[in-house]
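Colleague: Take a look at this one; I'll ask things after.
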Amino acid sequence: MPSELRSRESPVVLYGAIAANVAIAVTKFAVAAHTGSSAMLSEAVHSTVDTGNGLLMLFGLHRSRRPPNAVHPFGHGRELYFWSLIVAVLIFGLGGGVSFYEGVRHLRHPLPAQQPFWNYVVLGAALLFEGTSFAIAWRQFRREARDRPTWAALRLSKDPTTYTVVAEDAAALLGLLVAAAGIALAEAFGRPEIDALASMVIGLLLAGVALLLVREARGLLVGEGVQPHTAEALVALARAHAEVVATGPVLSMYIGPKEALLVMELGFAPGVSAERAAQVAKALRGEIRERYPMLTRVYLGLLAGG
């Protein structure tokens, strides 16, 4: 079944991210309450939101693997895209919004941090956990990306369970560095306002990541198809058969992380029998599926007037 083609390693990525974020969030909240650091509180909120996001992605992944039925004949793969959109909105609102608000609040009423040493201990541990989670997600992401550049691979990836964790963990690692710099500078210069500014920077960082994820989720939800160069290659594959003299528009749409449907009409040369046309279409369907495994549903029809 097409659903079996979906990545089985993605849950491992999510489980690793959830476990790391739970441990980090609890520790950060405890230390933020003890030291009064605004940046540390923002980081605690960030880790809590990431934990909830991981759970939502697991839920979406589970729902997306339900088999097709009469109401959803192509399956439920695109439900994963819906939950990835919800995750992006939560990152923007809860992660970015709360972090920025905390920064503004502490900027208006700055308080010096108490015993900042514990902030550095937690940040060091968080870097270790987040780095491990990022390494797991990154390994899976690069395996799927093959030789494509990172940015192009992010843009072309259709599996939000991987690229969302990569984006979240990358933002988390940058946020930890910003928080560490803010705490250190605030302590060095005796200006707690710097700690508050670090919190605001973390909020803007999360908002930026969220907008990137919203963009990707939107494209997939509204029916994104294969890339133009892939469509051109499909036409060339069809025209490689001497019997095919014309093709209709390449109509495609992703219906899951590793599932897409293709509809293409073929125009055959005069004199080609119906039996021979059926043989060519069958051969072409096999060639397409072999070269592009994500095209799990291929429908080839007769071009009007062909």
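Order determines the names: the first chain of the structure tokens is A, the second B, and so forth; residues in each chain are numbered 1 upward, and ligands are numbered 1 upward as they are shown.
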Tell me, as a PyMOL selection string, which residues lie within 10 Å of Ser252 of chain A, counting only C-alpha atoms; anything in the same chain fewer than 5 positions away does not count.

Modeller: chain A and resi 223-227+231+260-264+295+297-298

Colleague: Extract, using only C-alpha atoms, all DNA, RNA and protein residues at most 12 Å from Val49 of chain A, discarding same-chain residues fewer than 3 positions from it, and format them as a VMD selection string.

Modeller: chain A and resid 17 to 18 21 to 22 24 to 25 42 to 46 52 to 56 86 to 99 168 172 206 210

Colleague: Mind checking DSSP for segment 77-285 of chain A and telling me the alpha helix (DSSP H) residues as a VMD selection string?

Modeller: chain A and resid 79 to 90 98 to 108 117 to 145 150 to 156 160 to 189 192 to 221 228 to 239 274 to 285

Colleague: List as a list in words the protein and nucleic acid residues near Ala19 of chain A, meaning an atom at most 12 Å away when only C-alpha atoms are counted, but skip any in the same chain fewer than 3 places from it.

Modeller: Val12, Val13, Leu14, Tyr15, Gly16, Val22, Ala23, Ile24, Ala25, Val26, Ser47, Thr48, Asp50, Thr51, Gly52, Gly54, Leu55, Ala126, Phe129, Glu130, Thr132 and Ser133 of chain A

Colleague: Hey, can you spit out that residue selection with N, CA and C atoms as a CSV table (one decimal), in the first residue's frame?

Modeller:
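As written to disk, selection.csv reads:
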```csv
chain,number,residue,atom,x,y,z
A,12,VAL,N,11.3,8.2,15.0
A,12,VAL,CA,12.5,8.3,15.8
A,12,VAL,C,13.0,9.7,16.0
A,13,VAL,N,12.9,10.5,14.9
A,13,VAL,CA,13.3,11.9,15.0
A,13,VAL,C,12.4,12.6,15.9
A,14,LEU,N,11.1,12.4,15.9
A,14,LEU,CA,10.2,13.0,16.8
A,14,LEU,C,10.3,12.6,18.2
A,15,TYR,N,10.5,11.3,18.4
A,15,TYR,CA,10.7,10.8,19.8
A,15,TYR,C,12.0,11.4,20.4
A,16,GLY,N,13.0,11.5,19.7
A,16,GLY,CA,14.3,12.1,20.2
A,16,GLY,C,14.1,13.6,20.5
A,22,VAL,N,11.4,17.8,26.7
A,22,VAL,CA,10.8,17.6,28.1
A,22,VAL,C,11.8,17.9,29.1
A,23,ALA,N,13.0,17.2,29.0
A,23,ALA,CA,14.0,17.3,30.0
A,23,ALA,C,14.5,18.8,30.1
A,24,ILE,N,14.7,19.4,29.0
A,24,ILE,CA,15.2,20.8,28.9
A,24,ILE,C,14.2,21.8,29.5
A,25,ALA,N,13.0,21.6,29.1
A,25,ALA,CA,11.9,22.6,29.6
A,25,ALA,C,11.8,22.6,31.1
A,26,VAL,N,11.8,21.4,31.7
A,26,VAL,CA,11.6,21.3,33.2
A,26,VAL,C,12.8,22.0,33.8
A,47,SER,N,11.1,25.5,24.7
A,47,SER,CA,11.2,24.1,24.8
A,47,SER,C,9.9,23.5,25.1
A,48,THR,N,9.0,24.1,25.9
A,48,THR,CA,7.7,23.6,26.2
A,48,THR,C,6.8,23.6,24.9
A,50,ASP,N,8.0,23.4,21.8
A,50,ASP,CA,8.6,22.4,21.0
A,50,ASP,C,8.1,21.0,21.4
A,51,THR,N,8.0,20.8,22.7
A,51,THR,CA,7.5,19.5,23.2
A,51,THR,C,6.1,19.2,22.7
A,52,GLY,N,5.2,20.2,22.9
A,52,GLY,CA,3.8,20.1,22.4
A,52,GLY,C,3.8,19.9,20.9
A,54,GLY,N,6.0,18.5,19.0
A,54,GLY,CA,6.4,17.1,18.7
A,54,GLY,C,5.3,16.1,18.9
A,55,LEU,N,4.5,16.3,19.9
A,55,LEU,CA,3.3,15.5,20.2
A,55,LEU,C,2.3,15.7,19.1
A,126,ALA,N,21.4,22.0,27.9
A,126,ALA,CA,20.5,22.1,26.8
A,126,ALA,C,21.2,22.0,25.4
A,129,PHE,N,21.7,18.3,24.8
A,129,PHE,CA,20.4,17.6,24.4
A,129,PHE,C,19.9,18.0,23.0
A,130,GLU,N,19.9,19.3,22.8
A,130,GLU,CA,19.4,19.9,21.5
A,130,GLU,C,20.3,19.5,20.4
A,132,THR,N,22.0,16.7,20.2
A,132,THR,CA,21.8,15.3,19.9
A,132,THR,C,20.5,15.2,19.1
A,133,SER,N,19.5,15.9,19.5
A,133,SER,CA,18.2,15.8,18.7
A,133,SER,C,18.4,16.3,17.3
```

Colleague: DSSP on the backbone, strand (DSSP E) only: what residues of segment 46-257 of chain A does that give? Format it as a PyMOL selection string.

Modeller: chain A and resi 244-247+251-256

Colleague: Those same residues, written as a PDB file, in the first residue's frame with N, CA and C atoms?

Modeller:
```
ATOM      1  N   VAL A 244       4.219   7.881 -29.193  1.00  0.00           N
ATOM      2  CA  VAL A 244       3.661   9.062 -28.549  1.00  0.00           C
ATOM      3  C   VAL A 244       4.145  10.312 -29.289  1.00  0.00           C
ATOM      4  N   VAL A 245       3.211  11.078 -29.829  1.00  0.00           N
ATOM      5  CA  VAL A 245       3.572  12.280 -30.591  1.00  0.00           C
ATOM      6  C   VAL A 245       3.171  13.562 -29.881  1.00  0.00           C
ATOM      7  N   ALA A 246       2.405  13.439 -28.796  1.00  0.00           N
ATOM      8  CA  ALA A 246       1.986  14.639 -28.058  1.00  0.00           C
ATOM      9  C   ALA A 246       1.602  14.231 -26.639  1.00  0.00           C
ATOM     10  N   THR A 247       1.666  15.199 -25.761  1.00  0.00           N
ATOM     11  CA  THR A 247       1.238  14.979 -24.372  1.00  0.00           C
ATOM     12  C   THR A 247       0.418  16.176 -23.906  1.00  0.00           C
ATOM     13  N   LEU A 251      -0.356  17.020 -14.779  1.00  0.00           N
ATOM     14  CA  LEU A 251      -1.141  17.374 -13.600  1.00  0.00           C
ATOM     15  C   LEU A 251      -0.709  16.478 -12.440  1.00  0.00           C
ATOM     16  N   SER A 252      -0.212  17.096 -11.387  1.00  0.00           N
ATOM     17  CA  SER A 252       0.279  16.308 -10.255  1.00  0.00           C
ATOM     18  C   SER A 252      -0.060  17.005  -8.949  1.00  0.00           C
ATOM     19  N   MET A 253      -0.051  16.234  -7.856  1.00  0.00           N
ATOM     20  CA  MET A 253      -0.342  16.796  -6.541  1.00  0.00           C
ATOM     21  C   MET A 253       0.161  15.830  -5.472  1.00  0.00           C
ATOM     22  N   TYR A 254       0.852  16.393  -4.474  1.00  0.00           N
ATOM     23  CA  TYR A 254       1.296  15.569  -3.347  1.00  0.00           C
ATOM     24  C   TYR A 254       0.108  15.287  -2.434  1.00  0.00           C
ATOM     25  N   ILE A 255      -0.057  14.007  -2.091  1.00  0.00           N
ATOM     26  CA  ILE A 255      -1.132  13.602  -1.188  1.00  0.00           C
ATOM     27  C   ILE A 255      -0.566  13.018   0.104  1.00  0.00           C
ATOM     28  N   GLY A 256       0.741  13.157   0.285  1.00  0.00           N
ATOM     29  CA  GLY A 256       1.415  12.684   1.477  1.00  0.00           C
ATOM     30  C   GLY A 256       2.894  12.964   1.344  1.00  0.00           C
TER      31      GLY A 256
END
```
